[in-house]
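Input: a single structure, listed below in structure tokens.
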Amino acid sequence: MTDRPILHVVSMSGGKDSTTTALLAIEMHGRENCRFVFADTGNEHEITYEYALEYLPRALDITVDVVRADFSAEFEVKRRNLARIAAGEPESAVYGRRKFKYAWTQEAATRALELLHPTGNPYLDLCMLKGGFPSRKRQFCTQYLKTEPLTEYALERIDEGHAVWSWQGVRIDESESRRTRLQGTGACVKGFEVVGGGLFINRPILRWHVADVFEAHAHAGIKPNPLYLQDMTRVGCMPCINCSKDELSAVARRFPEHIERIAEWERLVSSVCRAESPVSFFHLGTKGHRGQSSTIWSVVDWAKTTRGGRQYNLLADATEPTACSSSYGLCE
Ligand code: SF4
């Protein structure tokens, strides 16, 4: 397949699937032929950082490299453009004849210039640059914060003279969209892909079920991310833009400081975007929140309701937040 020595690069997220994938890579190829890499979005829970960057390296005797998207160059370009608008140049002179739904005004550009500086947090920096948060339809967070830094990491290893097998911990029974996407042309094709240029993709747990994944942890004597014991069905961003109503409600109940952090981000992003552009971590459409600086707490209020967005589910509110209530039956 290739004359180059093969390096097995496992993308770690701190979740159950990537941990299982790492276990398989080590068992099949030995840790000396593997690299482990974590894409830090800046929007993870501290328990996930501790698990992926401290517990797993200790327990598996591995090093986990960290990649983090850096947008400093993009900030410079955007600041230069905003300075021209703040100085009175029309937006069309800066951005060409593209039509934007919300226009930059001199006043908004001046305000944005005061606050638009890189914070060093990749998620927040990306949203400040985009003037809004990702959505299910425009899921640019995955592309800029995970796919691109991880691909760059793999390409650097290829430049060092390796062929890279990129190990990805995805399972088709995780979601309907994943099932459709990965099985569309036959799962065996998607389980292993030749990308070209020395890069290969390996998805060894494509057909595993969630019980198999936790069994692999138990077999290896590795504890799963503790967040699974705290109502979290997945442990990516905290919260993820794709999280369910129940997950958001659980995040707000157990980790309100993370909701408050997102509220702060909403206020900051709304201060550095076009005037009256709707800025919400969870996209609500454009109706009803134009010009609001933060909406996440009202979404949390909705997430606590049962049906129709009116009645609070008091039973859910009364649940003791420290109770062990894993969605995967890990409590026994
Ligand atoms: S976990 Fe969710 S919010 Fe985070 S990068 Fe992925 S899709 Fe975006």
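Letters A, B, ... go to the chains of the structure tokens in the order shown; residues in each chain start at 1; ligands are counted from 1 in the same order.
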
**Message:** Just want the residues within 9 Å of ligand 1, written as a ChimeraX atom specification, counting only C-alpha atoms and all ligand atoms.
**Reply:** /A:41,43-44,123,134-136,139-146,234-243

**Item:** helix (DSSP H, G or I) residues, from DSSP on the backbone, in range 7-227 of chain A, as a ChimeraX atom specification
**Value:** /A:16-29,31-33,46-60,72-86,91-95,106-115,122-130,140-159,172-174,176-183,187-191,210-220,226-227

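When only C-alpha atoms are used to compute distances to Met12 in chain A, the closest of the residues A:Val251, A:Ala59, A:Leu268, A:Val67 turns out to be A:Val67.
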
**Item:** Of the listed residues A:Ser72, A:Thr2, A:Ser18, A:Thr295, that which approaches Thr119 in chain A most closely, counting only C-alpha atoms
**Value:**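 The shortest atom-to-atom distance to Thr119 in chain A comes from A:Ser72.
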
**Request:** For Phe36 in chain A, please output as number ranges by chain all residues within 8 Å (counting only C-alpha atoms; exclusion window: fewer than 6 positions along the same chain).
**Result:** A: 9-12, 22, 62-65

**Asked** So which one's closest to Tyr49 in chain A, A:Thr21, A:Asn33, A:Ser249, A:Asn225? Using only C-alpha atoms, please.
**Response** A:Asn225

Surrounding residues of Val195 in chain A excluding itself and chain neighbours under 3 positions, 12 Å, only C-alpha atoms, as a compact mmCIF listing (two decimals) with N, CA, C and O atoms, in the first residue's frame:
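Below is the file result.txt, written as the result:
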```txt
# COMPACT_ATOMS: atom_id res chain seq x y z
N THR A 151 -6.45 17.71 10.48
CA THR A 151 -5.90 17.38 9.16
C THR A 151 -4.49 17.95 9.03
O THR A 151 -3.57 17.30 8.53
N ALA A 154 -2.10 15.76 10.79
CA ALA A 154 -1.80 14.55 10.01
C ALA A 154 -0.84 14.87 8.86
O ALA A 154 0.11 14.13 8.59
N LEU A 155 -1.08 16.00 8.19
CA LEU A 155 -0.23 16.36 7.05
C LEU A 155 1.21 16.64 7.50
O LEU A 155 2.17 16.32 6.79
N ALA A 163 3.40 7.47 6.38
CA ALA A 163 2.03 7.35 5.87
C ALA A 163 1.16 7.40 7.12
O ALA A 163 1.54 6.83 8.15
N VAL A 164 0.06 8.11 7.05
CA VAL A 164 -0.76 8.27 8.26
C VAL A 164 -2.09 7.56 8.11
O VAL A 164 -2.83 7.79 7.15
N TRP A 165 -2.36 6.69 9.07
CA TRP A 165 -3.72 6.16 9.24
C TRP A 165 -4.39 7.04 10.28
O TRP A 165 -3.96 7.09 11.44
N SER A 166 -5.42 7.74 9.87
CA SER A 166 -6.16 8.58 10.81
C SER A 166 -7.30 7.75 11.39
O SER A 166 -8.23 7.37 10.68
N VAL A 189 -16.81 0.38 2.53
CA VAL A 189 -16.05 1.42 1.84
C VAL A 189 -15.69 2.53 2.81
O VAL A 189 -14.56 2.99 2.89
N LYS A 190 -16.68 2.94 3.62
CA LYS A 190 -16.46 4.07 4.52
C LYS A 190 -15.67 3.68 5.76
O LYS A 190 -15.16 4.53 6.45
N PHE A 192 -12.91 2.13 5.82
CA PHE A 192 -11.50 2.43 5.53
C PHE A 192 -11.44 3.18 4.22
O PHE A 192 -11.99 2.75 3.22
N GLY A 198 -0.66 9.69 0.95
CA GLY A 198 -0.13 9.09 2.18
C GLY A 198 -1.10 9.13 3.34
O GLY A 198 -0.74 8.79 4.47
N LEU A 199 -2.33 9.57 3.10
CA LEU A 199 -3.32 9.66 4.18
C LEU A 199 -4.43 8.62 3.99
O LEU A 199 -4.99 8.49 2.89
N PHE A 200 -4.73 7.90 5.07
CA PHE A 200 -5.78 6.88 5.06
C PHE A 200 -6.68 7.13 6.26
O PHE A 200 -6.22 7.63 7.28
N ILE A 201 -7.95 6.78 6.13
CA ILE A 201 -8.86 6.94 7.27
C ILE A 201 -9.36 5.57 7.70
O ILE A 201 -9.82 4.78 6.88
N ASN A 202 -9.27 5.32 8.99
CA ASN A 202 -9.69 4.03 9.54
C ASN A 202 -10.76 4.27 10.60
O ASN A 202 -10.54 5.06 11.52
```

**Asked** For the atom pair CA of Ser13 in chain A and CA of Phe38 in chain A, what is the interatomic distance in Å to one decimal place?
**Response**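 Spanning CA of Ser13 in chain A to CA of Phe38 in chain A is a straight-line distance of 5.9 Å.
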
**Asked** Tell me, which residues of range 26-206 of chain A carry DSSP strand (DSSP E), written as a list of chain:residue names?
**Response**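 Those in range 26-206 of chain A that DSSP calls strand (DSSP E) are A:Cys34, A:Arg35, A:Phe36, A:Val37, A:Phe38, A:Ala39, A:Val64, A:Asp65, A:Val66, A:Val67, A:Ala163, A:Val164, A:Trp165, A:Ser166, A:Trp167, A:Phe192, A:Glu193, A:Val194, A:Val195, A:Gly196, A:Leu199, A:Phe200, A:Ile201, A:Asn202.
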
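With only C-alpha atoms as the atoms that count, the residue of A:Ala275, A:Ile296, A:Ile6, A:Ala83 with the shortest distance to Ala103 in chain A is A:Ala275.
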
**Asked** For Ser294 in chain A, which residue among A:Ser270, A:Gln230, A:Ser277, A:Asn121 is the nearest when counting only C-alpha atoms?
**Response**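 Closest candidate: A:Ser270.
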
**Request:** Identify, on the basis of only C-alpha atoms, every residue whose closest approach to Tyr95 in chain A does not exceed 12 Å; exclude the query and any residue fewer than 3 positions from it along the same chain; express the result as an MDAnalysis selection string.
**Result:** chainID A and resid 77:78 80:82 84:85 89:92 98:100 103:104
